[in-house]
Structures are given as structure tokens and as C-alpha cells.
Amino acid sequence: MNHSRRPFQPIENYGIIGNLKTVALVSLQGSIDFMCAPKFDSPTVFATMLDSQRGGFFAVEPDLKNFTSKQLYLPGTAILLTRYFSDSGIAELTDFMPIQKGNKTLTSAIVRQIKTVRGSIKFKVSCVPRFGYSESDHEVECLEKEIRFTSAEEKLQIKMLSDKPLSVRKKNGYAEFTLNETEVATIVLEFLPEDHQGQELEFYQQDAYHQTKDFWVKWINKTSYDGRYSELIRRSAITLKLLTSAEFGSAVAAPTFGLPEAIGGNRNWDYRFTWIRDAAFTMYAFLKLEFFDEATAFIDWIFNLCQKIDLQLVYQIDGNPKLHEKELKHMEGYRASKPVRIGNEAATQLQIDIYGELIDTIYIYNKSYKPITYEFWTLIEKQIVQVIKNWKKPDHGIWEIRSEKKEFLHTRLMCWVAMDRAIKIAEHRSFPYPENEWHQVRSDIYNDIYHNFWNEKRGAWVQYKGAEHVDASVLLMPLTHFISPIEPRWLSTLKAIDEELLVDVLVYRYNNGMTKIDGLDGEEGTFNMCSFWFIEALAKSGEVERAVENFEKMIGYSNHLLLFSEELGKKGEHLGNFPQAFTHLALISAAVELNKQIGRRTSKL
């Protein structure tokens with residue numbers, strides 16, 4: 001088999017499997033083309049998505065002429081089926097990452113069960129690992145049904161197990177075998193610390209599938225939601241769960257890095273970290289659906305962070321604040337989109353809005369699930385001191401603008417949210433707080449936004465003080481209860497967004513061609529998260545029928561597994577890191593709001 005170069009697949013041609021420590025992306029052809037191991041923010045072991053020649057992959061290929069393939073998840077699980085159809089036979093590949101009780105075992109594993117459904121089919125399996133972002137060398141040891149790939153540099157070994165004979169060529173693992181109708185072969189990759197033995201093959205053949213299936217079915221059935229769009233919401237919830245760390249309670253913004261916002265462009269970022277903003281919104285979605293364990297684990301993670309340091313924008317999943325950004329110059333990039341970056345310089349930016357998203361989530365947690373402790377309250381007070389001190393400052397904003405700082409409306413709005421929710425927590429729980437000062441600051445921020453961010457000529461609240469244009473993040477004004485969704489100024493702003501940022505049902509985050517505010521070259525796609533915000537704002541503002549139509553069209557842009565990346569290009573292609581938490585939590589929020597508004601209308605009939 002020639003592995004010199006593998007063609008790039010569209011970003012949307014992938015599903016994900018995971019074990020709450022990391023994920024793997026599986027293509028429609030059944031090739032694992034991206035994976036970091038053993039954790040979300042570890043170096044890659046497979047990265048063909050970012051380098052078609054040197055990236056590494058783990059492929060299962062049935063010898064079927066002119067086959068078509070389809071993928072589906074087993075309902076209510078993260079177990080992925082890839083099915084191959086041709087005149088001469090049907091094959092089925094079941095992929096999953098086992099989840100054991102406790103979720104804190106040292107082992108991460110991928111189980112691949114290969115089955116012939118019809119006919120007699122020959123299969124080729126290729127395991128081509130490339131450790132350390134394709135830069136670290138590895139050694140290979142081969143036994144008949146086990147291969148060990150070991151990278152001393154990464155302190156990681158991959159154990160390949162199979163009930164079929166394995167062979168090694170050029171430090172890669174291979175298997176070739178024929179399965180008759182109903183016969184099954186199992187191939188497993190274990191990702192182990194050095195000198196760790198791992199499990200026996202029998203465990204993966206017999207117990208792992210049922211344990212993993214039971215875990216997912218029990219987990220998704222914890223939600224009390226049973227309204228409209230239930231299947232969509234459940235799939236998005238499972239996707240968000242796949243992006244959370246069972247060990248730490250944190251959640252990554254996306255499990256990938258380097259996937260471009262425009263093909264051939266330079267807007268290629270690393271999202272394998274925990275942004276306070278994204279994670280807080282994720283927990284907000286979990287709380288709406290009554291997944292309280294995840295919210296509690298995140299609150300504990302934040303509680304520990306607040307003990308030590310002033311909050312920064314983004315952390316490693318274990319809470320480490322160091323995120324040095326660098327370019328992987330040896331990687332060609334997805335369809336030649338360079339540079340490929342790891343780490344994220346945004347960690348050093350001032351983004352004052354994060355206090356709002358975080359305290360809003362704590363407010364909902366305290367109100368709808370479990371009272372926070374007084375000790376936690378004292379930590380929130382310290383964060384509010386930061387808001388009071390900094391709310392007037394220009395910053396880099398939600399979009400992490402890399403040019404000059406501005407007084408962004410979204411940042412100011414979130415400072416108001418932080419003050420408002422902190423006051424509500426204090427009054428609900430009768431916690432002591434400087435009542436006069438906090439109320440005054442909340443009012444000052446409100447007046448500043450209402451009057452000083454309003455552009456009379458544009459008839460809208462604009463992106464930053466003195467701006468001439470709108471920004472999709474203002475859609476959060478009614479969503480955070482800052483403004484009534486039927487306030488005349490709001491309806492006028494919604495109209496301005498409609499005119500300036502909307503293409504059919506897709507929303508740009510801002511008019512980059514007009515503003516050139518972000519200091520970067522090149523175009524970007526429409527932001528899926530903003531498109532779902534727009535739908536939710538429409539529904540709240542009384543345009544329910546249009547909101548429903550927009551929502552259905554937006555779902556039409558999802559991939560075959562109802563997964564979304566960050567952005568969409570001009571041909572509806574997925575762009576940016578995939579799948580993206582922000583898109584899926586915005587989908588959940590919009591669907592829940594639509595269900596509520598449709599319910600209200602139906603009850604009046």
C-alpha cells in the first residue's frame with residue numbers, strides 16, 4: 001500500500017469518538033486522521049488532517065470496488081458506525097473509545113470492530129503513528145497479535161492488539177485478512193504511559209462495548225428535556241460531553257488545532273484548551289438540560305483556579321496558565337493553510353468579558369441546582385473587585401482582536417452581567433456585600449451601554465464606542481436579559497444585523513471587509529454560533545416562524561452526524577476547528593428557546 005500522500009477530506013467528512021480524556025476523528029472512509037494522546041492537549045499521534053504525507057493515520061480499508069460509505073451513531077451514544085456498500089458486499093466498522101467506571105484509568109484506547117455483513121470481504125488495516133506532532137521518532141516491537149510503538153521522547157507507547165495476525169513495515173503496523181458473512185475482527189490501539197501493560201484483548205472484545213454503550217445511554221437519559229428537537233439537542237449534548245475532561249472538570253473549545261477559517265488562509269488557531277467563556281457557556285447548556293454533575297465538576301475546577309490567581313482568559317485543561325504559541329513549520333497545513341499553530345497567545349490578552357459569562361453560570365448553578373458556599377462567595381467578590389476596577393478599560397474582546405484594544409460593547413455587556421448576577425446571588429442568599437457601590441456600578445455600566453454605544457445614524461448599538469457598524473455579539477443583549485427583546489432600540493439593532501451581517505440564515509461575526517479591525521489578512525466564514533444566536537434573538541423578539549425556518553435551514557448545514565465546525569464557507573463547507581463546543585451549545589440554547597416560544601403559541605390556540 002502506498003502511503004506517500006493521502007488526499008485531504010472535507011472537514012465535515014468526520015465523526016468523533018472519545019473517552020472524556022481525548023477524542024479521535026474518524027473519516028467517512030473509516031480512517032482516523034486526527035488524534036492527540038493521551039489527553040486533549042497532548043501532541044498528535046495521528047494528524048493526516050494537517051499533513052497528508054507525514055501526519056500519520058489509522059485506516060481500515062475494505063477491498064470493495066466503487067463502494068459508498070455512510071456513518072451513524074448508535075442512538076444516545078458516542079459509538080460510531082461506518083458502513084461500506086458495494087455490489088459485491090457490505091462491511092461495517094464499529095469505532096468507540098471505552099469508558100470505564102471512574103474514568104480516571106491510565107489507559108486510553110480505540111476499539112475497532114470490523115464485520116462483513118454480506119459477501120466475503122478482504123480488509124487492509126494500516127496503523128501509521130507519528131508521535132509528537134510528527135516530529136518524534138519511535139521504536140517498534142512486534143509479536144504475532146501485538147505491536148508496541150514506543151516514543152521515548154513523548155514517554156508514550158501505543159499497543160496495537162488484534163485477533164488477526166499483525167506485521168510491521170517501515171515502523172508501521174499492518175494487518176490483512178478476509179472475513180466471511182457475519183464474521184468479526186477486533187483491532188485495538190491502547191495509548192499507555194511507558195512500562196504500563198494495559199488490558200487484555202478479551203476485555204475489549206467482550207466487556208468494553210457494553211460498558212461504553214451503557215455509560216452513554218445512562219448519561220444522556222439524565223436529561224429531563226423532552227420537548228421539540230430532542231434528538232438534535234441530545235446529539236449536541238453528547239458532543240459537548242465528549243469535549244469535557246472527566247479528570248479535571250474543564251471543557252475544551254474544540255478538540256483540534258490548525259483547521260483553517262479560510263482555505264489557504266492564516267487564521268488557524270489551537271482550540272484544545274479551556275476558555276473560561278466557552279466553558280461557562282457549555283456549563284450553562286448542561287444546566288439547562290439538568291446535567292448537574294458536569295456543572296459541579298466545572299465549578300470545582302473554577303473554585304480551585306480562583307484560589308490561586310486572578311483569572312486569565314484560557315488555561316490548559318489541568319488549569320496550567322502557560323499556553324506558549326508557536327508554529328509547526330514542518331506541517332503543510334490542511335490544504336496548504338499555514339501556519340499550523342499550537343498553543344494560544346490569547347492567554348496573554350485582556351478580555352474583561354469572561355467575568356460575566358462565569359458569574360452568570362455560577363448564578364444559574366446556585367439558583368437551579370445547589371447553593372454555593374460562603375467561601376466560594378468570597379472568591380466571587382474578589383472577581384467583582386476586578387470588574388469594578390477594569391470595566392472602563394479597552395480590551396481585545398470576545399473575538400480576540402490582535403490589533404488595537406477597543407471599548408467593545410460585548411465586553412461592557414458582560415461586565416454588567418457580572419455585576420447583575422453577583423447582586424442577585426448575594427440578595428438570594430443574603431450574603432454580605434457593598435450594596436450601594438455594586439448597585440451604582442451596575443447602573444453606570446447600563447447607562448454607558450444604553451447611551452454611549454448607540455449610533456443614531458446607524459439606528460443600532462454598535463461594535464465599540466464610536467463605531468459605524470454592528471457586531472453579532474450584540475445579539476447577546478436580549479439573551480442575557482440586558483434589554484427587552486421588544487424594545488424599539490433593540491428591534492432596530494436586530495434589523496441592522498439582518499441588513500449588514502446576514503446572508504440567508506448565516507451570520508458573519510462582523511463585517512471584516514469594512515472594518516479590518518482584527519489586524520489579520522484574509523476572509524473568514526460565517527460563524528455558526530452567531531447564526532444560532534440570531535435565531536434565538538428572533539424567537540425572543542416575536543418572529544417565531546422565521547426563527548423556526550432559519551433553525552431548520554441551519555441544521556441543514558450540519559454534517560451527516562449533526563456535527564458542526566466553527567464556521568461555514570461560501571459553498572456551505574465546514575471551516576475552522578471541529579467539532580466546536582460554542583456552536584453546539586448555541587444550537588441547544590436556540591432549540592430550547594424555540595421549543596418554549598412554540599409551546600406558548602400553541603397553548604394560546
# chains A, B, ... in the order shown; residues from 1 in each chain; ligands from 1

call {"tool": "residues_around", "arguments": {"residues": "A:Thr182", "least_positions_apart": "6", "cutoff": "9 Å", "atoms": "only C-alpha atoms", "output": "PyMOL selection string"}}
result
chain A and resi 115-118

call {"tool": "residues_around", "arguments": {"residues": "A:Arg83", "least_positions_apart": "4", "cutoff": "7 Å", "atoms": "only C-alpha atoms", "output": "list of chain:residue names"}}
result
A:Ser69, A:Lys70, A:Gln71, A:Ala91, A:Glu92, A:Leu93

call {"tool": "write_last_selection", "arguments": {"atoms": "C-alpha atoms", "output": "tab-separated table (two decimals), in the first residue's frame"}}
result
chain	number	residue	atom	x	y	z
A	69	SER	CA	-19.91	4.72	2.76
A	70	LYS	CA	-22.29	6.10	5.37
A	71	GLN	CA	-21.84	6.88	9.07
A	91	ALA	CA	-18.94	-4.14	5.51
A	92	GLU	CA	-19.39	-2.46	8.89
A	93	LEU	CA	-16.82	-0.76	11.12

call {"tool": "closest_residue", "arguments": {"among": "A:Thr82, A:Gln206, A:Thr107, A:Asn66", "to": "A:Tyr14", "atoms": "only C-alpha atoms"}}
result
A:Thr82

call {"tool": "closest_residue", "arguments": {"among": "A:Ile263, A:Leu192, A:Leu156, A:Val111", "to": "A:Ser337", "atoms": "only C-alpha atoms"}}
result
A:Ile263

call {"tool": "closest_residue", "arguments": {"among": "A:Ser430, A:Thr77, A:Asn595, A:Thr44", "to": "A:Thr212", "atoms": "only C-alpha atoms"}}
result
A:Thr77

call {"tool": "decode", "arguments": {"residues": "stretch 363-377 of chain A", "atoms": "N, CA, C and O atoms", "output": "PDB file, in the first residue's frame"}}
result
ATOM      1  N   TYR A 363     -24.395  31.817  38.927  1.00  0.00           N
ATOM      2  CA  TYR A 363     -25.733  32.288  39.332  1.00  0.00           C
ATOM      3  C   TYR A 363     -26.794  31.225  39.022  1.00  0.00           C
ATOM      4  O   TYR A 363     -27.627  30.892  39.878  1.00  0.00           O
ATOM      5  N   ILE A 364     -26.740  30.670  37.803  1.00  0.00           N
ATOM      6  CA  ILE A 364     -27.741  29.654  37.421  1.00  0.00           C
ATOM      7  C   ILE A 364     -27.539  28.379  38.257  1.00  0.00           C
ATOM      8  O   ILE A 364     -28.507  27.765  38.703  1.00  0.00           O
ATOM      9  N   TYR A 365     -26.291  28.005  38.466  1.00  0.00           N
ATOM     10  CA  TYR A 365     -25.974  26.821  39.283  1.00  0.00           C
ATOM     11  C   TYR A 365     -26.543  26.992  40.693  1.00  0.00           C
ATOM     12  O   TYR A 365     -27.216  26.109  41.228  1.00  0.00           O
ATOM     13  N   ASN A 366     -26.310  28.153  41.288  1.00  0.00           N
ATOM     14  CA  ASN A 366     -26.781  28.445  42.645  1.00  0.00           C
ATOM     15  C   ASN A 366     -28.308  28.470  42.708  1.00  0.00           C
ATOM     16  O   ASN A 366     -28.913  27.981  43.663  1.00  0.00           O
ATOM     17  N   LYS A 367     -28.920  28.997  41.655  1.00  0.00           N
ATOM     18  CA  LYS A 367     -30.375  29.166  41.649  1.00  0.00           C
ATOM     19  C   LYS A 367     -31.112  27.862  41.335  1.00  0.00           C
ATOM     20  O   LYS A 367     -32.119  27.532  41.955  1.00  0.00           O
ATOM     21  N   SER A 368     -30.571  27.097  40.360  1.00  0.00           N
ATOM     22  CA  SER A 368     -31.359  25.966  39.860  1.00  0.00           C
ATOM     23  C   SER A 368     -30.881  24.612  40.372  1.00  0.00           C
ATOM     24  O   SER A 368     -31.546  23.615  40.158  1.00  0.00           O
ATOM     25  N   TYR A 369     -29.713  24.574  41.021  1.00  0.00           N
ATOM     26  CA  TYR A 369     -29.239  23.275  41.462  1.00  0.00           C
ATOM     27  C   TYR A 369     -28.775  23.260  42.910  1.00  0.00           C
ATOM     28  O   TYR A 369     -29.443  22.699  43.769  1.00  0.00           O
ATOM     29  N   LYS A 370     -27.661  23.891  43.209  1.00  0.00           N
ATOM     30  CA  LYS A 370     -27.087  23.729  44.545  1.00  0.00           C
ATOM     31  C   LYS A 370     -26.542  25.058  45.043  1.00  0.00           C
ATOM     32  O   LYS A 370     -25.831  25.748  44.306  1.00  0.00           O
ATOM     33  N   PRO A 371     -26.853  25.413  46.291  1.00  0.00           N
ATOM     34  CA  PRO A 371     -26.336  26.684  46.817  1.00  0.00           C
ATOM     35  C   PRO A 371     -24.806  26.657  46.909  1.00  0.00           C
ATOM     36  O   PRO A 371     -24.224  25.655  47.311  1.00  0.00           O
ATOM     37  N   ILE A 372     -24.192  27.758  46.487  1.00  0.00           N
ATOM     38  CA  ILE A 372     -22.734  27.844  46.622  1.00  0.00           C
ATOM     39  C   ILE A 372     -22.385  28.159  48.081  1.00  0.00           C
ATOM     40  O   ILE A 372     -23.205  28.675  48.834  1.00  0.00           O
ATOM     41  N   THR A 373     -21.165  27.853  48.456  1.00  0.00           N
ATOM     42  CA  THR A 373     -20.722  28.093  49.839  1.00  0.00           C
ATOM     43  C   THR A 373     -20.348  29.567  50.027  1.00  0.00           C
ATOM     44  O   THR A 373     -20.070  30.281  49.053  1.00  0.00           O
ATOM     45  N   TYR A 374     -20.304  29.977  51.292  1.00  0.00           N
ATOM     46  CA  TYR A 374     -19.876  31.349  51.578  1.00  0.00           C
ATOM     47  C   TYR A 374     -18.420  31.543  51.153  1.00  0.00           C
ATOM     48  O   TYR A 374     -18.035  32.617  50.659  1.00  0.00           O
ATOM     49  N   GLU A 375     -17.617  30.495  51.307  1.00  0.00           N
ATOM     50  CA  GLU A 375     -16.205  30.581  50.905  1.00  0.00           C
ATOM     51  C   GLU A 375     -16.107  30.878  49.407  1.00  0.00           C
ATOM     52  O   GLU A 375     -15.289  31.698  48.971  1.00  0.00           O
ATOM     53  N   PHE A 376     -16.957  30.220  48.616  1.00  0.00           N
ATOM     54  CA  PHE A 376     -16.982  30.482  47.185  1.00  0.00           C
ATOM     55  C   PHE A 376     -17.432  31.921  46.921  1.00  0.00           C
ATOM     56  O   PHE A 376     -16.893  32.613  46.058  1.00  0.00           O
ATOM     57  N   TRP A 377     -18.414  32.360  47.694  1.00  0.00           N
ATOM     58  CA  TRP A 377     -18.901  33.743  47.532  1.00  0.00           C
ATOM     59  C   TRP A 377     -17.771  34.756  47.719  1.00  0.00           C
ATOM     60  O   TRP A 377     -17.673  35.741  46.980  1.00  0.00           O
TER      61      TRP A 377
END
